[in-house]
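Peer 1: Following this line is work_13.cif, made up of mmCIF, C-alpha atoms:
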data_data
#
loop_
_atom_site.label_atom_id
_atom_site.label_comp_id
_atom_site.auth_asym_id
_atom_site.auth_seq_id
_atom_site.Cartn_x
_atom_site.Cartn_y
_atom_site.Cartn_z
CA MET B 37 -193.79 -6.02 94.00
CA SER B 38 -192.14 -4.99 90.75
CA GLN B 39 -191.19 -7.28 87.89
CA PRO B 40 -187.43 -7.34 87.50
CA SER B 41 -185.07 -10.00 86.29
CA ARG B 42 -184.84 -12.67 89.00
CA LYS B 43 -188.48 -13.62 88.94
CA GLN B 44 -188.99 -13.79 85.19
CA VAL B 45 -190.51 -17.10 84.17
CA LYS B 46 -188.27 -17.91 81.25
CA ARG B 47 -189.74 -21.20 80.12
CA VAL B 48 -193.36 -21.82 79.12
CA ALA B 49 -193.92 -18.10 79.46
CA GLN B 50 -197.71 -18.37 79.20
CA ARG B 51 -197.71 -20.06 82.60
CA GLY B 52 -196.18 -17.02 84.30
CA ARG B 53 -198.50 -14.75 86.31
CA TYR B 54 -197.40 -11.67 88.15
CA ASP B 55 -200.46 -9.93 89.53
CA GLN B 56 -200.61 -9.53 93.27
CA GLU B 57 -204.10 -11.02 93.57
CA THR B 58 -202.99 -14.31 92.00
CA ILE B 59 -199.85 -14.44 94.12
CA HIS B 60 -201.71 -13.74 97.37
CA ALA B 61 -204.42 -16.32 96.59
CA ILE B 62 -201.81 -19.07 96.13
CA LEU B 63 -199.98 -18.05 99.29
CA ASP B 64 -203.24 -18.04 101.26
CA ALA B 65 -204.15 -21.55 100.09
CA SER B 66 -201.17 -23.28 101.72
CA TRP B 67 -199.43 -23.43 105.08
CA ILE B 68 -195.90 -24.46 104.22
CA ALA B 69 -193.24 -22.60 102.30
CA HIS B 70 -189.93 -24.07 101.21
CA VAL B 71 -187.43 -21.46 102.35
CA SER B 72 -183.93 -21.37 100.87
CA PHE B 73 -180.78 -19.44 101.53
CA ALA B 74 -177.07 -19.96 101.09
CA ASP B 75 -174.32 -19.82 103.69
CA THR B 76 -171.21 -17.75 103.16
CA GLU B 77 -169.60 -20.55 101.18
CA GLY B 78 -172.48 -20.78 98.72
CA GLN B 79 -173.92 -23.96 100.25
CA PRO B 80 -177.69 -23.83 99.67
CA PHE B 81 -180.26 -24.97 102.23
CA VAL B 82 -183.99 -25.45 101.78
CA ILE B 83 -186.36 -26.22 104.62
CA PRO B 84 -190.14 -26.37 105.07
CA MET B 85 -191.56 -23.68 107.35
CA LEU B 86 -195.05 -22.68 108.44
CA TYR B 87 -196.03 -19.18 107.43
CA ALA B 88 -198.77 -16.59 107.74
CA ARG B 89 -199.17 -13.81 105.20
CA GLU B 90 -199.88 -10.18 105.99
CA GLY B 91 -199.82 -7.93 102.96
CA ASP B 92 -196.52 -8.46 101.17
CA CYS B 93 -194.90 -9.99 104.24
CA LEU B 94 -194.72 -13.64 105.15
CA TYR B 95 -194.10 -14.40 108.79
CA LEU B 96 -192.12 -17.60 109.23
CA HIS B 97 -191.55 -19.93 112.10
CA GLY B 98 -191.40 -23.61 112.74
CA SER B 99 -189.22 -26.43 113.77
CA ILE B 100 -185.97 -25.41 112.18
CA ALA B 101 -182.42 -25.49 113.37
CA SER B 102 -181.64 -22.24 115.17
CA ARG B 103 -178.42 -21.77 113.24
CA LEU B 104 -180.48 -21.67 110.04
CA LEU B 105 -182.98 -19.20 111.46
CA ASN B 106 -180.10 -17.05 112.62
CA ALA B 107 -178.53 -17.14 109.19
CA VAL B 108 -181.73 -15.93 107.56
CA SER B 109 -182.53 -13.34 110.20
CA SER B 110 -179.21 -11.63 109.68
CA GLY B 111 -180.71 -10.31 106.48
CA ILE B 112 -179.13 -12.52 103.84
CA ASP B 113 -180.94 -13.04 100.57
CA THR B 114 -183.76 -15.52 100.87
CA CYS B 115 -185.94 -17.25 98.30
CA LEU B 116 -189.07 -19.20 99.11
CA CYS B 117 -191.54 -21.26 97.16
CA VAL B 118 -195.12 -22.34 97.84
CA THR B 119 -196.54 -25.10 95.64
CA LEU B 120 -200.05 -26.56 95.40
CA VAL B 121 -200.58 -29.74 93.41
CA ASP B 122 -203.90 -29.89 91.54
CA GLY B 123 -203.73 -32.91 89.26
CA LEU B 124 -201.94 -35.52 87.20
CA VAL B 125 -201.87 -34.66 83.50
CA LEU B 126 -201.86 -37.81 81.40
CA ALA B 127 -201.09 -37.38 77.73
CA ARG B 128 -200.94 -39.95 74.95
CA SER B 129 -197.14 -39.54 74.88
CA HIS B 130 -194.68 -39.81 77.77
CA PHE B 131 -193.28 -36.46 76.73
CA HIS B 132 -196.48 -34.49 77.40
CA HIS B 133 -197.21 -36.00 80.81
CA SER B 134 -197.25 -33.26 83.43
CA MET B 135 -198.84 -32.01 86.63
CA ASN B 136 -201.40 -29.30 87.18
CA TYR B 137 -200.16 -26.99 89.91
CA ARG B 138 -200.03 -23.46 91.28
CA SER B 139 -196.76 -22.11 92.64
CA VAL B 140 -195.23 -18.87 93.83
CA VAL B 141 -191.53 -18.10 94.02
CA ALA B 142 -190.68 -15.04 96.09
CA PHE B 143 -187.40 -13.23 96.71
CA GLY B 144 -186.62 -10.98 99.63
CA LYS B 145 -184.88 -10.69 102.95
CA ALA B 146 -186.02 -11.86 106.36
CA VAL B 147 -185.44 -10.19 109.69
CA THR B 148 -186.12 -11.33 113.22
CA VAL B 149 -189.20 -9.83 114.88
CA VAL B 150 -188.23 -8.74 118.40
CA ASP B 151 -191.14 -6.53 119.50
CA PRO B 152 -193.22 -8.66 121.88
CA ASP B 153 -196.51 -7.01 120.88
CA GLU B 154 -195.85 -7.66 117.20
CA LYS B 155 -194.85 -11.23 118.03
CA ALA B 156 -198.02 -11.76 120.04
CA ALA B 157 -200.21 -10.42 117.23
CA ILE B 158 -198.50 -12.59 114.64
CA PHE B 159 -198.80 -15.78 116.68
CA VAL B 160 -202.55 -15.19 116.71
CA ARG B 161 -202.43 -14.97 112.93
CA PHE B 162 -200.41 -18.20 112.70
CA VAL B 163 -203.05 -20.12 114.63
CA ASP B 164 -205.89 -18.65 112.59
CA ALA B 165 -203.96 -19.42 109.39
CA LEU B 166 -204.13 -23.11 110.32
CA ILE B 167 -207.85 -22.92 111.14
CA PRO B 168 -209.86 -19.69 111.01
CA GLY B 169 -211.27 -18.96 114.45
CA ARG B 170 -208.93 -21.28 116.33
CA ALA B 171 -206.91 -18.51 118.00
CA GLY B 172 -209.93 -17.27 119.90
CA GLU B 173 -210.65 -20.77 121.18
CA SER B 174 -207.21 -21.52 122.58
CA ARG B 175 -204.82 -19.97 125.08
CA ALA B 176 -202.68 -17.14 123.72
CA ALA B 177 -198.91 -17.26 124.16
CA ASP B 178 -197.53 -15.89 127.40
CA ARG B 179 -194.34 -13.87 127.68
CA ASN B 180 -192.13 -16.92 128.22
CA GLU B 181 -193.56 -18.63 125.15
CA LEU B 182 -193.09 -15.51 123.04
CA ASN B 183 -189.48 -15.25 124.17
CA ALA B 184 -188.88 -18.92 123.39
CA THR B 185 -189.90 -18.60 119.76
CA THR B 186 -187.99 -17.02 116.92
CA LEU B 187 -190.24 -15.26 114.45
CA LEU B 188 -189.09 -13.96 111.08
CA ARG B 189 -190.63 -11.31 108.86
CA PHE B 190 -189.90 -11.99 105.20
CA SER B 191 -190.69 -9.00 102.98
CA ILE B 192 -191.44 -9.91 99.39
CA ASP B 193 -189.25 -7.84 97.07
CA GLU B 194 -190.10 -9.80 93.93
CA ALA B 195 -192.50 -12.63 93.27
CA SER B 196 -193.94 -14.61 90.42
CA ALA B 197 -196.71 -17.17 90.17
CA LYS B 198 -196.81 -20.10 87.81
CA ILE B 199 -199.97 -22.05 87.06
CA ARG B 200 -200.68 -25.07 84.91
CA SER B 201 -204.28 -26.18 84.57
CA GLY B 202 -206.50 -28.08 82.21
CA ASP B 203 -206.00 -30.77 79.58
CA PRO B 204 -202.79 -32.38 78.37
CA LYS B 205 -201.37 -30.82 75.22
CA ASP B 206 -200.86 -33.76 72.91
CA ASP B 207 -199.10 -33.54 69.60
CA PRO B 208 -201.63 -33.47 66.75
CA ALA B 209 -199.84 -36.48 65.26
CA ASP B 210 -200.74 -38.51 68.37
CA ARG B 211 -204.44 -37.76 68.31
CA ALA B 212 -205.29 -40.95 66.43
CA LEU B 213 -203.58 -43.19 69.00
CA PRO B 214 -206.05 -45.30 70.98
CA ILE B 215 -204.64 -44.06 74.33
CA TRP B 216 -206.74 -42.45 77.04
CA SER B 217 -205.77 -38.86 77.83
CA GLY B 218 -207.00 -36.52 80.50
CA VAL B 219 -206.51 -35.19 84.00
CA VAL B 220 -206.83 -36.87 87.38
CA PRO B 221 -207.64 -34.11 89.89
CA ILE B 222 -205.84 -34.11 93.24
CA PHE B 223 -207.55 -32.71 96.33
CA GLN B 224 -206.44 -32.11 99.86
CA ARG B 225 -209.10 -33.35 102.27
CA PHE B 226 -209.49 -33.19 106.04
CA GLY B 227 -210.32 -36.39 107.87
CA GLU B 228 -212.42 -36.82 110.98
CA PRO B 229 -210.86 -34.99 113.95
CA ILE B 230 -208.97 -37.26 116.38
CA THR B 231 -209.37 -36.05 119.95
CA ALA B 232 -206.08 -36.09 121.90
CA GLY B 233 -205.42 -38.90 124.33
CA ASP B 234 -205.06 -36.38 127.19
CA ALA B 235 -208.02 -34.25 126.07
CA SER B 236 -210.08 -32.29 128.57
CA PRO B 237 -213.11 -34.48 129.31
CA GLY B 238 -216.50 -33.35 128.08
CA VAL B 239 -215.20 -30.80 125.55
CA GLU B 240 -216.86 -31.11 122.14
CA VAL B 241 -215.10 -30.66 118.81
CA PRO B 242 -215.51 -26.91 118.17
CA ALA B 243 -217.31 -25.42 115.18
CA SER B 244 -214.03 -24.19 113.69
CA VAL B 245 -212.81 -27.79 113.39
CA ARG B 246 -216.15 -29.29 112.36
CA HIS B 247 -216.40 -26.68 109.63
CA LEU B 248 -213.11 -27.94 108.09
CA CYS B 249 -214.37 -31.47 107.75
CA ALA B 250 -217.84 -30.58 106.45
CA MET Y 22 -175.67 -41.91 102.79
CA SER Y 23 -173.55 -41.07 105.80
CA GLN Y 24 -174.49 -38.79 108.69
CA PRO Y 25 -172.19 -35.78 108.77
CA SER Y 26 -172.74 -32.23 109.88
CA ARG Y 27 -174.96 -30.53 107.28
CA LYS Y 28 -177.89 -32.85 107.72
CA GLN Y 29 -178.00 -32.95 111.51
CA VAL Y 30 -181.44 -32.08 112.80
CA LYS Y 31 -180.44 -29.67 115.53
CA ARG Y 32 -183.82 -28.79 116.95
CA VAL Y 33 -186.41 -31.24 118.30
CA ALA Y 34 -183.85 -33.96 117.82
CA GLN Y 35 -186.30 -36.77 118.44
CA ARG Y 36 -187.97 -35.89 115.15
CA GLY Y 37 -184.78 -36.61 113.19
CA ARG Y 38 -184.61 -39.92 111.32
CA TYR Y 39 -181.69 -41.00 109.23
CA ASP Y 40 -182.28 -44.55 108.07
CA GLN Y 41 -182.39 -45.10 104.35
CA GLU Y 42 -185.71 -46.96 104.44
CA THR Y 43 -187.49 -44.00 106.06
CA ILE Y 44 -185.90 -41.54 103.66
CA HIS Y 45 -186.77 -43.60 100.57
CA ALA Y 46 -190.37 -44.14 101.73
CA ILE Y 47 -190.94 -40.39 102.06
CA LEU Y 48 -189.32 -39.70 98.69
CA ASP Y 49 -191.47 -42.38 97.04
CA ALA Y 50 -194.68 -40.91 98.47
CA SER Y 51 -194.40 -37.57 96.64
CA TRP Y 52 -193.79 -36.25 93.14
CA ILE Y 53 -192.40 -32.79 93.71
CA ALA Y 54 -189.13 -31.72 95.28
CA HIS Y 55 -188.21 -28.15 96.11
CA VAL Y 56 -184.75 -27.81 94.64
CA SER Y 57 -182.42 -25.03 95.78
CA PHE Y 58 -179.04 -23.75 94.78
CA ALA Y 59 -177.18 -20.48 94.89
CA ASP Y 60 -175.67 -18.52 92.05
CA THR Y 61 -172.09 -17.29 92.16
CA GLU Y 62 -173.15 -14.21 94.12
CA GLY Y 63 -174.84 -16.25 96.84
CA GLN Y 64 -178.37 -15.51 95.62
CA PRO Y 65 -180.49 -18.55 96.52
CA PHE Y 66 -183.18 -20.00 94.28
CA VAL Y 67 -185.77 -22.64 95.07
CA ILE Y 68 -188.08 -24.17 92.49
CA PRO Y 69 -190.52 -27.10 92.41
CA MET Y 70 -189.47 -29.98 90.14
CA LEU Y 71 -190.88 -33.40 89.34
CA TYR Y 72 -188.60 -36.24 90.28
CA ALA Y 73 -188.23 -40.00 90.12
CA ARG Y 74 -186.03 -41.90 92.55
CA GLU Y 75 -183.67 -44.72 91.64
CA GLY Y 76 -181.58 -45.91 94.57
CA ASP Y 77 -179.81 -42.89 96.06
CA CYS Y 78 -180.34 -40.81 92.93
CA LEU Y 79 -183.20 -38.48 92.19
CA TYR Y 80 -183.78 -37.69 88.54
CA LEU Y 81 -185.16 -34.21 88.07
CA HIS Y 82 -186.93 -32.47 85.27
CA GLY Y 83 -189.81 -30.13 84.81
CA SER Y 84 -190.84 -26.72 83.72
CA ILE Y 85 -187.90 -24.71 84.92
CA ALA Y 86 -185.94 -21.88 83.41
CA SER Y 87 -183.07 -23.32 81.40
CA ARG Y 88 -180.57 -21.01 83.03
CA LEU Y 89 -181.44 -22.58 86.39
CA LEU Y 90 -181.12 -26.13 85.09
CA ASN Y 91 -177.79 -25.19 83.55
CA ALA Y 92 -176.57 -23.73 86.81
CA VAL Y 93 -177.39 -26.94 88.67
CA SER Y 94 -176.09 -29.25 86.00
CA SER Y 95 -172.68 -27.64 86.14
CA GLY Y 96 -172.25 -29.49 89.39
CA ILE Y 97 -172.78 -26.79 91.99
CA ASP Y 98 -173.98 -27.75 95.44
CA THR Y 99 -177.67 -28.47 95.52
CA CYS Y 100 -180.14 -29.02 98.35
CA LEU Y 101 -183.63 -30.36 97.92
CA CYS Y 102 -186.58 -30.95 100.17
CA VAL Y 103 -189.66 -33.17 99.87
CA THR Y 104 -192.50 -32.50 102.33
CA LEU Y 105 -195.74 -34.39 102.96
CA VAL Y 106 -198.39 -32.77 105.14
CA ASP Y 107 -200.33 -35.21 107.33
CA GLY Y 108 -202.42 -33.15 109.71
CA LEU Y 109 -203.20 -30.05 111.72
CA VAL Y 110 -202.11 -30.34 115.37
CA LEU Y 111 -204.43 -28.32 117.59
CA ALA Y 112 -203.26 -27.80 121.15
CA ARG Y 113 -204.93 -25.99 124.02
CA SER Y 114 -202.30 -23.22 123.73
CA HIS Y 115 -201.31 -21.26 120.63
CA PHE Y 116 -197.71 -22.13 121.37
CA HIS Y 117 -198.15 -25.88 120.90
CA HIS Y 118 -200.11 -25.72 117.66
CA SER Y 119 -198.22 -27.54 114.94
CA MET Y 120 -198.48 -29.71 111.83
CA ASN Y 121 -197.93 -33.41 111.39
CA TYR Y 122 -195.62 -33.94 108.46
CA ARG Y 123 -192.87 -36.05 106.92
CA SER Y 124 -189.97 -34.35 105.19
CA VAL Y 125 -186.59 -35.17 103.71
CA VAL Y 126 -183.77 -32.73 103.15
CA ALA Y 127 -181.01 -34.02 100.86
CA PHE Y 128 -177.67 -32.54 99.87
CA GLY Y 129 -175.68 -33.44 96.79
CA LYS Y 130 -174.72 -32.39 93.32
CA ALA Y 131 -176.65 -32.76 90.09
CA VAL Y 132 -175.28 -33.48 86.64
CA THR Y 133 -176.95 -33.48 83.24
CA VAL Y 134 -177.76 -36.90 81.80
CA VAL Y 135 -176.67 -36.95 78.17
CA ASP Y 136 -176.77 -40.64 77.23
CA PRO Y 137 -179.95 -41.12 75.15
CA ASP Y 138 -180.54 -44.68 76.38
CA GLU Y 139 -180.30 -43.60 80.01
CA LYS Y 140 -182.59 -40.66 79.27
CA ALA Y 141 -185.11 -42.96 77.59
CA ALA Y 142 -185.10 -45.36 80.54
CA ILE Y 143 -185.55 -42.57 83.05
CA PHE Y 144 -188.43 -40.97 81.19
CA VAL Y 145 -190.24 -44.29 81.47
CA ARG Y 146 -189.64 -44.15 85.23
CA PHE Y 147 -190.96 -40.59 85.42
CA VAL Y 148 -194.26 -41.58 83.84
CA ASP Y 149 -194.62 -44.64 86.06
CA ALA Y 150 -193.76 -42.48 89.11
CA LEU Y 151 -196.86 -40.40 88.36
CA ILE Y 152 -199.04 -43.50 87.88
CA PRO Y 153 -197.69 -47.05 88.06
CA GLY Y 154 -198.28 -48.78 84.74
CA ARG Y 155 -198.89 -45.61 82.76
CA ALA Y 156 -195.62 -45.77 80.79
CA GLY Y 157 -196.64 -49.02 79.10
CA GLU Y 158 -199.98 -47.53 78.06
CA SER Y 159 -198.62 -44.40 76.40
CA ARG Y 160 -196.20 -43.58 73.60
CA ALA Y 161 -192.53 -43.53 74.62
CA ALA Y 162 -190.39 -40.50 73.84
CA ASP Y 163 -188.80 -40.38 70.42
CA ARG Y 164 -185.30 -39.09 69.73
CA ASN Y 165 -186.42 -35.52 69.14
CA GLU Y 166 -188.35 -35.45 72.41
CA LEU Y 167 -185.39 -36.89 74.33
CA ASN Y 168 -183.12 -34.24 72.85
CA ALA Y 169 -185.58 -31.48 73.73
CA THR Y 170 -185.59 -32.31 77.44
CA THR Y 171 -182.92 -31.65 79.99
CA LEU Y 172 -182.66 -34.40 82.59
CA LEU Y 173 -180.61 -34.11 85.78
CA ARG Y 174 -179.23 -36.85 87.97
CA PHE Y 175 -178.99 -35.67 91.59
CA SER Y 176 -176.90 -38.02 93.74
CA ILE Y 177 -177.72 -37.90 97.43
CA ASP Y 178 -174.55 -37.32 99.44
CA GLU Y 179 -176.32 -36.65 102.75
CA ALA Y 180 -179.94 -36.78 103.74
CA SER Y 181 -182.13 -36.59 106.80
CA ALA Y 182 -185.79 -37.21 107.43
CA LYS Y 183 -187.95 -35.41 109.91
CA ILE Y 184 -191.33 -36.69 111.03
CA ARG Y 185 -193.94 -35.30 113.38
CA SER Y 186 -196.97 -37.47 114.11
CA GLY Y 187 -199.59 -37.96 116.76
CA ASP Y 188 -201.15 -35.80 119.44
CA PRO Y 189 -200.39 -32.22 120.44
CA LYS Y 190 -198.00 -31.89 123.36
CA ASP Y 191 -199.82 -29.59 125.74
CA ASP Y 192 -198.26 -28.18 128.87
CA PRO Y 193 -199.46 -30.09 131.93
CA ALA Y 194 -200.61 -26.76 133.39
CA ASP Y 195 -203.05 -26.39 130.48
CA ARG Y 196 -204.71 -29.78 130.86
CA ALA Y 197 -207.55 -28.42 132.95
CA LEU Y 198 -208.53 -25.81 130.33
CA PRO Y 199 -211.87 -26.59 128.69
CA ILE Y 200 -210.37 -26.38 125.19
CA TRP Y 201 -210.61 -29.14 122.60
CA SER Y 202 -207.26 -30.61 121.56
CA GLY Y 203 -206.42 -33.14 118.91
CA VAL Y 204 -205.38 -33.72 115.32
CA VAL Y 205 -207.23 -33.11 112.06
CA PRO Y 206 -205.77 -35.55 109.51
CA ILE Y 207 -205.01 -34.27 106.01
CA PHE Y 208 -205.21 -36.63 103.05
CA GLN Y 209 -204.42 -36.28 99.40
CA ARG Y 210 -207.21 -37.73 97.30
CA PHE Y 211 -207.67 -38.33 93.60
CA GLY Y 212 -210.88 -37.10 92.00
CA GLU Y 213 -212.79 -38.63 89.12
CA PRO Y 214 -210.68 -38.68 85.94
CA ILE Y 215 -211.57 -35.92 83.45
CA THR Y 216 -211.19 -37.13 79.87
CA ALA Y 217 -209.42 -34.60 77.64
CA GLY Y 218 -211.47 -32.47 75.28
CA ASP Y 219 -209.54 -33.86 72.29
CA ALA Y 220 -209.53 -37.45 73.57
CA SER Y 221 -209.46 -40.38 71.19
CA PRO Y 222 -213.09 -41.48 70.83
CA GLY Y 223 -214.15 -44.80 72.32
CA VAL Y 224 -211.10 -45.20 74.60
CA GLU Y 225 -212.02 -46.17 78.16
CA VAL Y 226 -210.27 -44.90 81.29
CA PRO Y 227 -207.49 -47.47 81.79
CA ALA Y 228 -207.13 -49.69 84.86
CA SER Y 229 -204.03 -47.76 86.01
CA VAL Y 230 -206.10 -44.59 86.35
CA ARG Y 231 -209.22 -46.26 87.74
CA HIS Y 232 -207.03 -47.91 90.36
CA LEU Y 233 -205.90 -44.48 91.65
CA CYS Y 234 -209.44 -43.31 92.25
CA ALA Y 235 -210.68 -46.55 93.84
#
In structure tokens, write the structure found in this file.
Peer 2:
Amino acid sequence: MSQPSRKQVKRVAQRGRYDQETIHAILDASWIAHVSFADTEGQPFVIPMLYAREGDCLYLHGSIASRLLNAVSSGIDTCLCVTLVDGLVLARSHFHHSMNYRSVVAFGKAVTVVDPDEKAAIFVRFVDALIPGRAGESRAADRNELNATTLLRFSIDEASAKIRSGDPKDDPADRALPIWSGVVPIFQRFGEPITAGDASPGVEVPASVRHLCA
Amino acid sequence: MSQPSRKQVKRVAQRGRYDQETIHAILDASWIAHVSFADTEGQPFVIPMLYAREGDCLYLHGSIASRLLNAVSSGIDTCLCVTLVDGLVLARSHFHHSMNYRSVVAFGKAVTVVDPDEKAAIFVRFVDALIPGRAGESRAADRNELNATTLLRFSIDEASAKIRSGDPKDDPADRALPIWSGVVPIFQRFGEPITAGDASPGVEVPASVRHLCA
């Protein structure tokens, strides 16, 4: 990943981060990317897709109209964004209200993965990206299932991360105002597992799932 | 909002929802939209932006490169997506693993809001969209602050919602496998408010903020 023009964070430059470690950590903390591309008439589309990262590639699949997948897989330019929300930033002034967040914007091209062995390996990664250890507990995809699923490999050509954290930045002139200022953290939490209505009788919630909710 | 071609949910059609009430409820449950557009060469961009809804308009602003805001405000086609993640869906087979989610994809055009009174009114809505009641507790934007901020009005021409909820859909042939299946709910939670390091002394956390964390 180099650092050319498209990914430059122009505004609030101190929030821009470009090192690979930061970018990978943000990508590994989420499941859903917002994937955008334009059709031949310049009409943009953006859709949420599940992903799994491997190096500087993001594998994409999910419930998405096939025509859109086909458009991306033909190798047109693609841009995707992953965003994690960390808090509400409440300043003394409306103007300095904000959010704490971590985001990555990545540019590249996506191609369809056709090799069945590569597809099989990546579907294992998808399941383990949802919950580590889950792939080994559940039935791997058979040939029909692999054939029924379109998988895309998006190679990151350029990427940038943007992070806001910490206190609001109030104007010094507002510091005397008797208005509370601070941050309200936002967390993502797992609830108690809900066993399926048609679940296999006598099967306990596995350690992989219990570990999430600990 | 009509129901023409761009917004048709082609795949898993039973997940498509088009009524305005459903669409507005999803939009009102989040703060961040992923906004996409293409430049004149067809290069797509997607960026996270804060928004506030008013009727079938979404007002957008946030930390975004000015060149991007300017591109959108010129009235080019824009697509945005709001996604809420509700749970991990764990099936007996890799193939049927999924997420529960609610999402809206909306198409339209965005224009810059220049009227200072409209801008002032919308900035109040932005603050109250983060926390209801917060705008009245904090200092409203002055003329300089209004002038320093670009605000966009995105009018929804077409929109669709997509919702997945409930149990995994396992193949009947897998029902005898001794593998746990079910859903792990995902919630967004507020943590304890963190008062700013430069906070005004003696000011208590207001009811609006305490109410969030209750």
Peer 1: Restricting the calculation to all atoms listed in the file: of B:Ala146, B:Ala184, B:Ala61, B:Ala74, which residue gets closest to chain Y?
Peer 2: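 Ranked by minimum distance to chain Y, first place goes to B:Ala74.
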Peer 1: If you measure from atom CA of Y:Arg113 to atom CA of Y:Leu198, what distance in Å do you get, rounded to one decimal?
Peer 2: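 Answer for the atom CA of Y:Arg113 to atom CA of Y:Leu198 separation: 7.3 Å.
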Peer 1: Using Å and a single decimal, report how far atom CA of Y:Ala50 sits from atom CA of B:Ala232.
Peer 2: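 Atom CA of B:Ala232 sits 26.5 Å away from atom CA of Y:Ala50.
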Peer 1: When the PyMOL selection byres ((chain B and resi 71) around 6) is applied to the file above, which residues end up in the set, as a count of residues only?
Peer 2: 6
Peer 1: Name the residues in contact with Y:Ser159 at a cut-off of 7 Å, using only C-alpha atoms, excluding same-chain residues fewer than 6 positions from it; report them as a list in words.
Peer 2: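 The filter keeps Arg128, Ser129, His130 and Ile215 of chain B.
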